[in-house]
$ cat data-v1.cif   # mmCIF, C-alpha atoms and all ligand atoms
data_coords
#
loop_
_atom_site.label_atom_id
_atom_site.label_comp_id
_atom_site.auth_asym_id
_atom_site.auth_seq_id
_atom_site.Cartn_x
_atom_site.Cartn_y
_atom_site.Cartn_z
CA MET A 1 101.63 95.09 71.28
CA TYR A 2 102.34 94.22 74.92
CA LYS A 3 101.19 90.61 74.67
CA GLN A 4 102.88 90.00 71.31
CA PHE A 5 106.23 91.69 71.82
CA VAL A 6 106.87 92.99 75.32
CA LYS A 7 105.47 90.20 77.50
CA PRO A 8 107.37 87.31 75.80
CA LEU A 9 110.59 89.23 76.41
CA LEU A 10 109.76 90.12 80.00
CA PHE A 11 108.62 86.59 80.82
CA LYS A 12 112.09 85.31 79.83
CA LEU A 13 113.55 87.31 82.71
CA ASP A 14 113.30 86.44 86.38
CA ALA A 15 109.99 87.97 87.58
CA GLU A 16 111.49 90.60 89.85
CA ARG A 17 114.14 91.58 87.28
CA ALA A 18 111.37 91.99 84.70
CA HIS A 19 109.59 94.30 87.12
CA HIS A 20 112.66 96.54 87.58
CA PHE A 21 113.48 96.40 83.85
CA THR A 22 109.95 97.63 83.01
CA PHE A 23 110.04 100.38 85.63
CA ASP A 24 113.48 101.64 84.54
CA ASN A 25 112.57 101.67 80.87
CA LEU A 26 109.20 103.32 81.39
CA LYS A 27 110.89 106.01 83.45
CA ARG A 28 113.59 106.51 80.83
CA ALA A 29 111.12 106.49 77.92
CA SER A 30 108.80 108.94 79.64
CA ARG A 31 111.59 111.56 79.61
CA LEU A 32 111.71 111.48 75.78
CA PRO A 33 109.79 114.25 74.05
CA GLY A 34 106.35 113.08 72.94
CA ALA A 35 106.46 109.90 75.03
CA GLY A 36 103.64 111.01 77.30
CA ALA A 37 101.42 111.83 74.34
CA LEU A 38 102.25 108.48 72.73
CA LEU A 39 101.40 106.51 75.88
CA ARG A 40 98.25 108.53 76.35
CA GLY A 41 97.24 107.94 72.73
CA LEU A 42 97.87 104.21 73.03
CA TYR A 43 96.31 103.50 76.39
CA ASN A 44 94.48 106.36 78.00
CA TYR A 45 90.74 106.17 77.43
CA GLN A 46 88.67 108.89 79.04
CA HIS A 47 84.94 109.48 79.08
CA PRO A 48 82.88 111.72 81.36
CA SER A 49 80.49 108.87 82.15
CA LEU A 50 83.33 106.92 83.80
CA ALA A 51 83.66 109.41 86.66
CA ARG A 52 82.42 108.32 90.07
CA GLU A 53 82.41 109.69 93.56
CA VAL A 54 83.30 107.25 96.31
CA PHE A 55 83.93 108.10 99.98
CA GLY A 56 83.86 111.76 99.08
CA LEU A 57 86.59 111.55 96.41
CA LYS A 58 85.98 112.16 92.71
CA PHE A 59 87.59 109.40 90.63
CA ALA A 60 88.04 110.00 86.86
CA ASN A 61 87.32 106.28 86.44
CA ALA A 62 86.88 103.19 88.61
CA VAL A 63 90.04 101.34 87.54
CA GLY A 64 92.97 101.57 89.94
CA LEU A 65 96.38 100.05 90.34
CA ALA A 66 96.55 97.75 93.37
CA ALA A 67 99.15 98.17 96.10
CA GLY A 68 102.53 96.52 95.69
CA LEU A 69 103.36 97.38 92.10
CA ASP A 70 104.48 100.96 92.66
CA LYS A 71 105.40 100.52 96.32
CA ASN A 72 107.69 103.55 96.37
CA ALA A 73 105.62 105.93 94.22
CA VAL A 74 108.27 106.20 91.54
CA LEU A 75 105.93 105.82 88.57
CA THR A 76 102.69 107.59 89.44
CA ASP A 77 102.94 110.10 86.58
CA GLU A 78 103.51 107.35 84.00
CA LEU A 79 100.68 105.25 85.46
CA ALA A 80 98.36 108.25 85.22
CA THR A 81 99.24 108.48 81.54
CA MET A 82 98.17 104.85 81.13
CA GLY A 83 94.63 105.76 82.13
CA PHE A 84 94.32 104.56 85.73
CA GLY A 85 91.78 106.49 87.78
CA PHE A 86 93.84 105.99 90.93
CA VAL A 87 97.05 104.38 92.11
CA GLU A 88 97.58 102.82 95.52
CA ILE A 89 101.22 103.16 96.56
CA GLY A 90 102.85 101.00 99.23
CA THR A 91 102.77 99.05 101.33
CA VAL A 92 104.90 101.70 102.99
CA THR A 93 106.42 101.11 106.44
CA PRO A 94 107.75 103.88 108.70
CA ARG A 95 111.39 102.88 108.22
CA PRO A 96 112.90 101.58 104.96
CA GLN A 97 113.43 97.82 104.82
CA PRO A 98 114.83 95.39 102.24
CA GLY A 99 112.07 92.76 102.38
CA ASN A 100 112.66 89.02 102.15
CA PRO A 101 115.64 87.37 100.41
CA GLN A 102 115.32 86.82 96.65
CA PRO A 103 113.89 85.01 94.77
CA ARG A 104 110.57 86.12 96.21
CA LEU A 105 108.34 86.63 93.15
CA PHE A 106 107.27 83.72 90.96
CA ARG A 107 105.05 83.30 87.89
CA LEU A 108 102.62 80.44 87.40
CA PRO A 109 101.90 81.05 83.68
CA GLN A 110 99.56 78.05 83.33
CA ASP A 111 97.31 79.65 85.93
CA GLU A 112 97.97 83.28 84.95
CA ALA A 113 98.98 83.73 88.56
CA LEU A 114 101.83 85.01 90.69
CA ILE A 115 103.13 83.93 94.07
CA ASN A 116 105.02 86.55 96.04
CA ARG A 117 106.70 86.82 99.41
CA MET A 118 108.21 90.27 98.93
CA GLY A 119 107.84 91.19 102.62
CA PHE A 120 107.16 94.94 102.34
CA ASN A 121 110.42 95.94 100.66
CA ASN A 122 110.15 99.73 100.50
CA ASP A 123 112.04 103.01 100.84
CA GLY A 124 110.28 104.06 104.05
CA ALA A 125 107.51 106.61 104.62
CA ALA A 126 109.65 109.79 104.60
CA ALA A 127 111.31 109.00 101.26
CA VAL A 128 108.02 108.00 99.65
CA ALA A 129 106.29 111.16 100.92
CA ALA A 130 109.11 113.31 99.51
CA ARG A 131 108.79 111.59 96.13
CA LEU A 132 105.02 112.08 96.08
CA ALA A 133 105.53 115.78 96.82
CA ARG A 134 107.52 116.03 93.57
CA ARG A 135 104.96 114.33 91.30
CA GLN A 136 103.65 116.25 88.31
CA ASN A 137 100.16 114.84 87.81
CA ARG A 138 97.88 116.17 90.53
CA GLN A 139 94.63 114.84 89.02
CA LEU A 140 95.40 111.19 89.69
CA LEU A 141 94.12 110.14 93.10
CA ILE A 142 96.70 108.41 95.29
CA GLY A 143 95.97 105.83 97.95
CA GLY A 144 98.54 105.29 100.69
CA ASN A 145 98.78 101.66 101.78
CA ILE A 146 100.55 101.45 105.15
CA GLY A 147 102.08 98.63 107.18
CA LYS A 148 104.48 97.88 109.99
CA ASN A 149 108.19 97.15 109.85
CA LYS A 150 109.13 93.48 110.16
CA ASP A 151 111.13 94.02 113.36
CA THR A 152 108.31 95.88 115.13
CA PRO A 153 106.47 93.49 117.49
CA ASN A 154 102.69 93.29 117.09
CA GLU A 155 102.23 94.91 120.52
CA ARG A 156 103.73 98.07 119.07
CA ALA A 157 102.27 97.74 115.57
CA ALA A 158 99.88 100.67 116.05
CA ASP A 159 102.86 103.03 116.52
CA ASP A 160 104.19 102.01 113.11
CA TYR A 161 100.84 102.51 111.36
CA VAL A 162 100.44 105.91 113.00
CA ALA A 163 104.00 106.91 112.01
CA ALA A 164 103.48 105.90 108.38
CA PHE A 165 100.10 107.65 108.39
CA GLU A 166 101.57 110.91 109.72
CA ALA A 167 104.44 110.88 107.22
CA LEU A 168 102.14 110.40 104.22
CA ALA A 169 99.04 112.33 105.32
CA GLU A 170 99.73 115.45 103.24
CA GLN A 171 100.52 113.46 100.11
CA VAL A 172 97.77 110.88 99.67
CA ASP A 173 94.02 111.10 99.10
CA TYR A 174 92.97 107.99 101.04
CA PHE A 175 94.64 105.48 103.34
CA VAL A 176 94.57 101.71 103.49
CA VAL A 177 95.62 99.85 106.61
CA ASN A 178 97.17 96.60 105.45
CA VAL A 179 97.03 93.79 107.97
CA SER A 180 96.44 91.07 105.39
CA SER A 181 99.81 90.41 103.77
CA PRO A 182 100.92 86.82 104.37
CA ASN A 183 104.58 87.80 104.07
CA THR A 184 105.30 89.64 107.31
CA PRO A 185 105.40 87.10 110.15
CA GLY A 186 102.41 87.51 112.49
CA LEU A 187 100.88 90.40 110.53
CA ARG A 188 97.59 88.63 109.85
CA GLU A 189 97.09 88.17 113.60
CA LEU A 190 96.36 91.89 113.59
CA GLN A 191 93.13 91.02 111.75
CA ASP A 192 91.79 89.59 115.03
CA LYS A 193 89.11 91.65 116.70
CA LYS A 194 90.94 93.14 119.68
CA PRO A 195 94.25 94.14 118.09
CA LEU A 196 92.45 95.37 114.98
CA ILE A 197 90.08 97.68 116.88
CA ASN A 198 93.01 99.08 118.85
CA LEU A 199 95.08 99.64 115.73
CA LEU A 200 92.30 101.27 113.71
CA GLN A 201 91.18 103.42 116.64
CA GLN A 202 94.66 104.82 117.03
CA VAL A 203 95.10 105.64 113.35
CA GLN A 204 91.56 107.02 113.07
CA ALA A 205 92.01 109.24 116.15
CA ARG A 206 95.03 110.89 114.50
CA ASN A 207 93.16 111.12 111.24
CA LEU A 208 90.03 112.74 112.65
CA ALA A 209 92.14 115.25 114.57
CA ARG A 210 93.51 116.62 111.30
CA PRO A 211 91.88 119.60 109.56
CA ALA A 212 91.12 117.43 106.50
CA PRO A 213 90.74 113.79 107.54
CA ARG A 214 91.35 111.23 104.79
CA PRO A 215 89.07 108.30 104.02
CA LEU A 216 90.53 105.38 105.98
CA LEU A 217 90.09 101.86 104.60
CA LEU A 218 91.13 98.38 105.68
CA LYS A 219 92.52 95.75 103.32
CA ILE A 220 91.51 92.20 104.10
CA ALA A 221 92.60 88.69 103.18
CA PRO A 222 90.43 86.36 101.10
CA ASP A 223 91.09 83.61 103.63
CA LEU A 224 88.79 84.95 106.35
CA THR A 225 85.71 82.96 107.37
CA ASP A 226 82.20 84.42 107.15
CA SER A 227 82.17 85.05 110.88
CA GLN A 228 85.52 86.86 110.64
CA LEU A 229 84.08 88.95 107.81
CA ASP A 230 81.12 89.80 110.05
CA ASP A 231 83.59 90.93 112.72
CA ILE A 232 85.36 93.09 110.15
CA LEU A 233 82.08 94.83 109.30
CA GLU A 234 81.36 95.46 112.96
CA ILE A 235 84.88 96.84 113.49
CA ALA A 236 84.54 99.02 110.38
CA ARG A 237 81.40 100.58 111.87
CA GLU A 238 82.94 100.99 115.28
CA THR A 239 86.09 102.70 113.95
CA GLN A 240 84.27 104.76 111.30
CA LEU A 241 86.09 103.29 108.33
CA SER A 242 85.25 104.72 104.91
CA GLY A 243 85.55 101.37 103.15
CA LEU A 244 87.31 98.05 102.64
CA VAL A 245 89.76 96.74 100.06
CA ALA A 246 88.90 93.14 99.23
CA THR A 247 91.06 91.25 98.70
CA ASN A 248 94.76 90.74 99.27
CA THR A 249 96.56 87.59 98.05
CA THR A 250 95.60 84.13 99.33
CA ILE A 251 97.62 81.48 101.13
CA GLU A 252 95.37 78.81 99.54
CA ARG A 253 96.80 76.67 96.71
CA GLY A 254 93.72 74.69 95.66
CA GLY A 255 92.58 74.09 92.07
CA LEU A 256 95.78 75.12 90.29
CA ALA A 257 96.75 73.83 86.83
CA THR A 258 100.46 74.19 87.68
CA PRO A 259 101.88 70.83 88.85
CA ALA A 260 101.77 70.47 92.63
CA ALA A 261 105.53 69.84 92.79
CA THR A 262 106.23 73.15 91.02
CA VAL A 263 103.92 74.98 93.39
CA ALA A 264 105.50 73.28 96.40
CA ALA A 265 108.99 74.21 95.14
CA VAL A 266 107.99 77.89 95.08
CA GLY A 267 107.18 77.72 98.79
CA ALA A 268 105.42 80.25 100.99
CA GLY A 269 103.79 83.42 99.74
CA GLY A 270 100.57 85.01 98.59
CA LEU A 271 98.88 83.75 95.43
CA SER A 272 97.28 86.31 93.11
CA GLY A 273 95.72 86.38 89.67
CA ARG A 274 93.11 84.20 87.98
CA PRO A 275 92.84 81.51 90.67
CA LEU A 276 91.87 84.22 93.18
CA ARG A 277 89.07 85.70 91.07
CA ALA A 278 86.10 83.67 92.28
CA ARG A 279 86.95 83.80 96.00
CA ALA A 280 87.64 87.55 95.91
CA THR A 281 84.27 88.14 94.23
CA GLU A 282 82.58 85.92 96.84
CA VAL A 283 84.10 87.98 99.66
CA ILE A 284 83.00 91.25 98.02
CA ALA A 285 79.46 89.94 97.50
CA TYR A 286 79.27 88.74 101.10
CA LEU A 287 80.48 92.07 102.53
CA HIS A 288 78.18 94.03 100.25
CA ARG A 289 75.16 91.92 101.22
CA ARG A 290 75.86 91.94 104.95
CA SER A 291 76.49 95.69 105.02
CA GLN A 292 73.44 96.31 102.82
CA GLY A 293 75.66 98.24 100.46
CA GLY A 294 76.50 100.69 103.22
CA LEU A 295 80.27 100.40 103.06
CA PRO A 296 82.21 101.13 99.83
CA ILE A 297 84.42 98.27 98.67
CA ILE A 298 87.45 98.42 96.40
CA GLY A 299 87.48 95.05 94.66
CA ALA A 300 90.74 93.30 93.74
CA GLY A 301 91.68 89.75 92.88
CA GLY A 302 92.03 88.10 89.50
CA ILE A 303 90.72 90.85 87.24
CA HIS A 304 92.21 89.95 83.84
CA SER A 305 89.40 91.12 81.52
CA ALA A 306 86.54 93.59 81.22
CA GLU A 307 84.14 90.77 82.20
CA ASP A 308 86.11 90.13 85.38
CA ALA A 309 85.90 93.83 86.24
CA LEU A 310 82.15 93.90 85.61
CA GLU A 311 81.76 90.83 87.83
CA LYS A 312 83.46 92.63 90.74
CA LEU A 313 81.28 95.72 90.26
CA ALA A 314 78.13 93.61 90.01
CA ALA A 315 79.11 91.89 93.27
CA GLY A 316 79.10 95.29 94.96
CA ALA A 317 82.53 96.85 94.45
CA SER A 318 82.48 100.62 93.91
CA LEU A 319 86.01 100.67 92.46
CA ILE A 320 88.39 97.98 91.26
CA GLN A 321 92.13 97.42 91.29
CA LEU A 322 94.51 95.45 89.07
CA TYR A 323 97.86 93.87 89.73
CA THR A 324 98.42 90.41 88.27
CA GLY A 325 96.05 91.01 85.34
CA PHE A 326 98.11 94.09 84.47
CA VAL A 327 101.27 91.94 84.40
CA TYR A 328 99.67 89.27 82.17
CA GLU A 329 97.53 91.51 79.93
CA GLY A 330 99.54 94.75 79.87
CA PRO A 331 98.38 98.35 80.04
CA ALA A 332 95.66 97.89 77.39
CA LEU A 333 93.61 96.14 80.08
CA VAL A 334 92.84 99.50 81.70
CA SER A 335 91.24 101.02 78.59
CA ARG A 336 89.55 97.70 77.73
CA ILE A 337 87.76 97.80 81.08
CA ASN A 338 86.92 101.49 80.83
CA ARG A 339 85.50 101.07 77.32
CA ALA A 340 83.30 98.23 78.58
CA LEU A 341 82.14 100.45 81.44
CA THR A 342 80.99 103.22 79.10
CA LYS A 343 78.83 100.62 77.34
CA GLY A 344 77.39 99.37 80.63
C1 LIG B 401 104.18 91.05 93.73
C2 LIG B 401 103.02 91.54 94.54
C3 LIG B 401 103.25 92.43 95.59
C4 LIG B 401 102.18 92.89 96.35
N1 LIG B 401 102.43 93.77 97.36
C5 LIG B 401 101.40 94.26 98.08
C6 LIG B 401 101.62 95.21 99.10
O1 LIG B 401 102.75 95.66 99.34
N2 LIG B 401 100.55 95.64 99.82
C7 LIG B 401 99.28 95.19 99.58
O2 LIG B 401 98.34 95.64 100.24
N3 LIG B 401 99.03 94.31 98.60
C8 LIG B 401 100.06 93.83 97.85
N4 LIG B 401 99.81 92.92 96.86
C9 LIG B 401 98.42 92.45 96.65
C10 LIG B 401 97.70 93.18 95.53
O3 LIG B 401 97.57 94.56 95.84
C11 LIG B 401 96.30 92.58 95.27
O4 LIG B 401 95.49 92.80 96.42
C12 LIG B 401 96.33 91.09 94.99
O5 LIG B 401 97.46 90.75 94.22
C13 LIG B 401 95.07 90.60 94.26
O6 LIG B 401 94.90 91.23 93.02
P1 LIG B 401 95.41 90.57 91.62
O7 LIG B 401 94.86 89.18 91.56
O8 LIG B 401 94.89 91.48 90.56
O9 LIG B 401 96.90 90.57 91.65
C14 LIG B 401 100.86 92.45 96.07
C15 LIG B 401 100.65 91.57 95.01
C16 LIG B 401 101.69 91.11 94.25
C17 LIG B 401 101.43 90.15 93.12
#
$ encode --input "data-v1.cif" --output "structure tokens"
Amino acid sequence: MYKQFVKPLLFKLDAERAHHFTFDNLKRASRLPGAGALLRGLYNYQHPSLAREVFGLKFANAVGLAAGLDKNAVLTDELATMGFGFVEIGTVTPRPQPGNPQPRLFRLPQDEALINRMGFNNDGAAAVAARLARRQNRQLLIGGNIGKNKDTPNERAADDYVAAFEALAEQVDYFVVNVSSPNTPGLRELQDKKPLINLLQQVQARNLARPAPRPLLLKIAPDLTDSQLDDILEIARETQLSGLVATNTTIERGGLATPAATVAAVGAGGLSGRPLRARATEVIAYLHRRSQGGLPIIGAGGIHSAEDALEKLAAGASLIQLYTGFVYEGPALVSRINRALTKG
């Protein structure tokens, strides 16, 4: 239904308008009597064999929604109805910010890809925490993806991550430190060894001082070299991380079917979707091999089919996340993957 009727309509709209249109209508529809049951009947596939425990949390299934789609946690109840095992909200910054000027989200349909330079547009940590406190579904696990405000210099970045962490700590089940978005100037420099250790140590110190510390993960870019990935593993050990999210969007533009002039006209941003699949899997496999399977990995990047999901799990991911595949394939992708997993 989504691919035949809904997607052609949505793809006629500007990409960001389509996003808001979908969110508004899902929210409105979910208030109608019977809508939850209908959505659940259409999309929500459950099976006891899908459950898995990762970093001490019990997931109903391994298929999650990647950060960036429900940045402000407005749709977690509806997303739970669609069968996701977990939803990562954010990236949330301590203070609200508007993000980059529009247009900032672009489709490359020939490549089943997106390019975005949203720039952490979000309502701020306090507003998001208050919204999460009001959610109905308490079974769905929530990840809190945190970042720094654009106008905070990198020297003070750790303060922002700590502030966002503190604001959300009661409301989320695990945390992801995002230093891998290409759309906040200078953010990726925080992936370097020294600033990254400092940042993670500060957040982890606050976390471990709490009565119930949350699993703390780091989200990394697919554009890191092998030696940078080795550094990440060393830092993860040193700062007692519970896992990694691999990967964020890429700044690479190689091998696209979309004409180079069209891609160039889009400009800067992170590329996601099918063209990212192989590199994201390579990064997961590398991390899994080098850590001898000792560090759980949430795999993301170009999962558009059950086969793509199985590939990520075979490479060593313990859980997977969807974003661009969900936009191109629709909500049926979640149950398609989960059905395939019961067969595996
Ligand atoms: C429009 C858009 C916005 C995103 N925003 C965020 C974000 O705020 N924080 C983050 O960690 N990742 C963000 N991502 C990255 C995704 O979470 C995911 O890591 C990446 O898109 C690769 O998965 P995919 O190929 O399935 O889309 C965003 C991706 C897209 C397409």
$ closest_atom_pairs --input "data-v1.cif" --of "stretch 94-211 of chain A" --to "stretch 69-79 of chain A" --cutoff "8 Å" --atoms "all atoms listed in the file" --output "JSON lines"
{"residue": "A:Asn122", "atom": "CA", "partner": "A:Asn72", "partner_atom": "CA", "distance": 6.1}
{"residue": "A:Asp123", "atom": "CA", "partner": "A:Asn72", "partner_atom": "CA", "distance": 6.3}
{"residue": "A:Val128", "atom": "CA", "partner": "A:Asn72", "partner_atom": "CA", "distance": 5.5}
{"residue": "A:Arg131", "atom": "CA", "partner": "A:Ala73", "partner_atom": "CA", "distance": 6.8}
{"residue": "A:Leu132", "atom": "CA", "partner": "A:Ala73", "partner_atom": "CA", "distance": 6.5}
{"residue": "A:Arg135", "atom": "CA", "partner": "A:Asp77", "partner_atom": "CA", "distance": 6.7}
{"residue": "A:Gln136", "atom": "CA", "partner": "A:Asp77", "partner_atom": "CA", "distance": 6.4}
{"residue": "A:Asn137", "atom": "CA", "partner": "A:Asp77", "partner_atom": "CA", "distance": 5.6}
$ closest_residue --input "data-v1.cif" --among "A:Val172, A:Leu10, A:Ala62, A:Ala67" --to "ligand LIG 401 (chain B)" --atoms "only C-alpha atoms and all ligand atoms"
A:Ala67
$ closest_residue --input "data-v1.cif" --among "A:Glu166, A:Asp226, A:Glu53, A:Asp160" --to "A:Lys148" --atoms "all atoms listed in the file"
A:Asp160
$ residues_around --input "data-v1.cif" --residues "A:Leu341" --least-positions-apart "3" --cutoff "12 Å" --atoms "all atoms listed in the file" --output "list of chain:residue names"
A:Tyr45, A:Gln46, A:His47, A:Pro48, A:Ser49, A:Leu50, A:Ala51, A:Arg52, A:Asn61, A:Ala62, A:Val63, A:Ser305, A:Ala306, A:Glu307, A:Asp308, A:Ala309, A:Leu310, A:Glu311, A:Leu313, A:Ala314, A:Leu319, A:Ile320, A:Val334, A:Ser335, A:Arg336, A:Ile337, A:Asn338, A:Gly344
$ residues_near_point --input "data-v1.cif" --point "(90.5, 86.7, 107.9)" --cutoff "12 Å" --atoms "only C-alpha atoms" --output "VMD selection string"
chain A and resid 179 to 182 187 to 193 196 218 to 233 246 to 251 283
$ atom_distance --input "data-v1.cif" --atom1 "atom CA of A:Val266" --atom2 "atom CA of A:Glu252"
13.4 Å
$ closest_residue --input "data-v1.cif" --among "A:Tyr43, A:Phe5, A:Tyr328, A:Phe120" --to "ligand LIG 401 (chain B)" --atoms "only C-alpha atoms and all ligand atoms"
A:Phe120
$ atom_distance --input "data-v1.cif" --atom1 "atom CA of A:Ala257" --atom2 "atom CA of A:Ala315"
26.1 Å
$ axis_aligned_box --input "data-v1.cif" --around "ligand LIG 401 (chain B)" --padding-each-side "5 Å" --output "JSON"
{"center_x": 99.5, "center_y": 92.4, "center_z": 95.4, "size_x": 19.3, "size_y": 16.5, "size_z": 19.7}
$ atom_distance --input "data-v1.cif" --atom1 "atom CA of A:Gln97" --atom2 "atom CA of A:Pro331"
29.0 Å
$ closest_residue --input "data-v1.cif" --among "A:Gly294, A:Gly269, A:Gly186, A:Gly85" --to "ligand LIG 401 (chain B)" --atoms "only C-alpha atoms and all ligand atoms"
A:Gly269
$ residues_near_ligand --input "data-v1.cif" --ligand "ligand LIG 401 (chain B)" --cutoff "7 Å" --atoms "only C-alpha atoms and all ligand atoms" --output "PDB file with C-alpha atoms, in the coordinates of the input"
ATOM      1  CA  ALA A  66      96.550  97.750  93.370  1.00  0.00           C
ATOM      2  CA  ALA A  67      99.150  98.170  96.100  1.00  0.00           C
ATOM      3  CA  GLY A  68     102.530  96.520  95.690  1.00  0.00           C
ATOM      4  CA  LEU A  69     103.360  97.380  92.100  1.00  0.00           C
ATOM      5  CA  LYS A  71     105.400 100.520  96.320  1.00  0.00           C
ATOM      6  CA  GLY A  90     102.850 101.000  99.230  1.00  0.00           C
ATOM      7  CA  THR A  91     102.770  99.050 101.330  1.00  0.00           C
ATOM      8  CA  LEU A 105     108.340  86.630  93.150  1.00  0.00           C
ATOM      9  CA  LEU A 114     101.830  85.010  90.690  1.00  0.00           C
ATOM     10  CA  ILE A 115     103.130  83.930  94.070  1.00  0.00           C
ATOM     11  CA  ASN A 116     105.020  86.550  96.040  1.00  0.00           C
ATOM     12  CA  MET A 118     108.210  90.270  98.930  1.00  0.00           C
ATOM     13  CA  PHE A 120     107.160  94.940 102.340  1.00  0.00           C
ATOM     14  CA  ASN A 145      98.780 101.660 101.780  1.00  0.00           C
ATOM     15  CA  ASN A 178      97.170  96.600 105.450  1.00  0.00           C
ATOM     16  CA  SER A 181      99.810  90.410 103.770  1.00  0.00           C
ATOM     17  CA  LYS A 219      92.520  95.750 103.320  1.00  0.00           C
ATOM     18  CA  THR A 247      91.060  91.250  98.700  1.00  0.00           C
ATOM     19  CA  ASN A 248      94.760  90.740  99.270  1.00  0.00           C
ATOM     20  CA  THR A 249      96.560  87.590  98.050  1.00  0.00           C
ATOM     21  CA  SER A 272      97.280  86.310  93.110  1.00  0.00           C
ATOM     22  CA  GLY A 273      95.720  86.380  89.670  1.00  0.00           C
ATOM     23  CA  ARG A 274      93.110  84.200  87.980  1.00  0.00           C
ATOM     24  CA  LEU A 276      91.870  84.220  93.180  1.00  0.00           C
ATOM     25  CA  ARG A 277      89.070  85.700  91.070  1.00  0.00           C
ATOM     26  CA  ALA A 300      90.740  93.300  93.740  1.00  0.00           C
ATOM     27  CA  GLY A 301      91.680  89.750  92.880  1.00  0.00           C
ATOM     28  CA  GLY A 302      92.030  88.100  89.500  1.00  0.00           C
ATOM     29  CA  ILE A 303      90.720  90.850  87.240  1.00  0.00           C
ATOM     30  CA  GLN A 321      92.130  97.420  91.290  1.00  0.00           C
ATOM     31  CA  LEU A 322      94.510  95.450  89.070  1.00  0.00           C
ATOM     32  CA  TYR A 323      97.860  93.870  89.730  1.00  0.00           C
ATOM     33  CA  THR A 324      98.420  90.410  88.270  1.00  0.00           C
ATOM     34  CA  GLY A 325      96.050  91.010  85.340  1.00  0.00           C
TER      35      GLY A 325
END
$ residues_around --input "data-v1.cif" --residues "A:Arg214" --least-positions-apart "4" --cutoff "9 Å" --atoms "all atoms listed in the file" --output "PyMOL selection string"
chain A and resi 169+172-175+207-208+210+242
$ closest_residue --input "data-v1.cif" --among "A:Phe326, A:Arg117, A:Ile197, A:Gln240" --to "A:Gly267" --atoms "only C-alpha atoms"
A:Arg117
$ closest_residue --input "data-v1.cif" --among "A:Pro275, A:Gly36, A:Pro259, A:Gly56" --to "A:Ala80" --atoms "only C-alpha atoms"
A:Gly36
$ residues_around --input "data-v1.cif" --residues "A:Phe165" --least-positions-apart "6" --cutoff "10 Å" --atoms "all atoms listed in the file" --output "list in words"
Val92, Thr93, Pro94, Ala125, Gly144, Asn145, Ile146, Gly147, Asp159, Val172, Phe175, Val176, Val177, Val203, Gln204, Arg206 and Asn207 of chain A
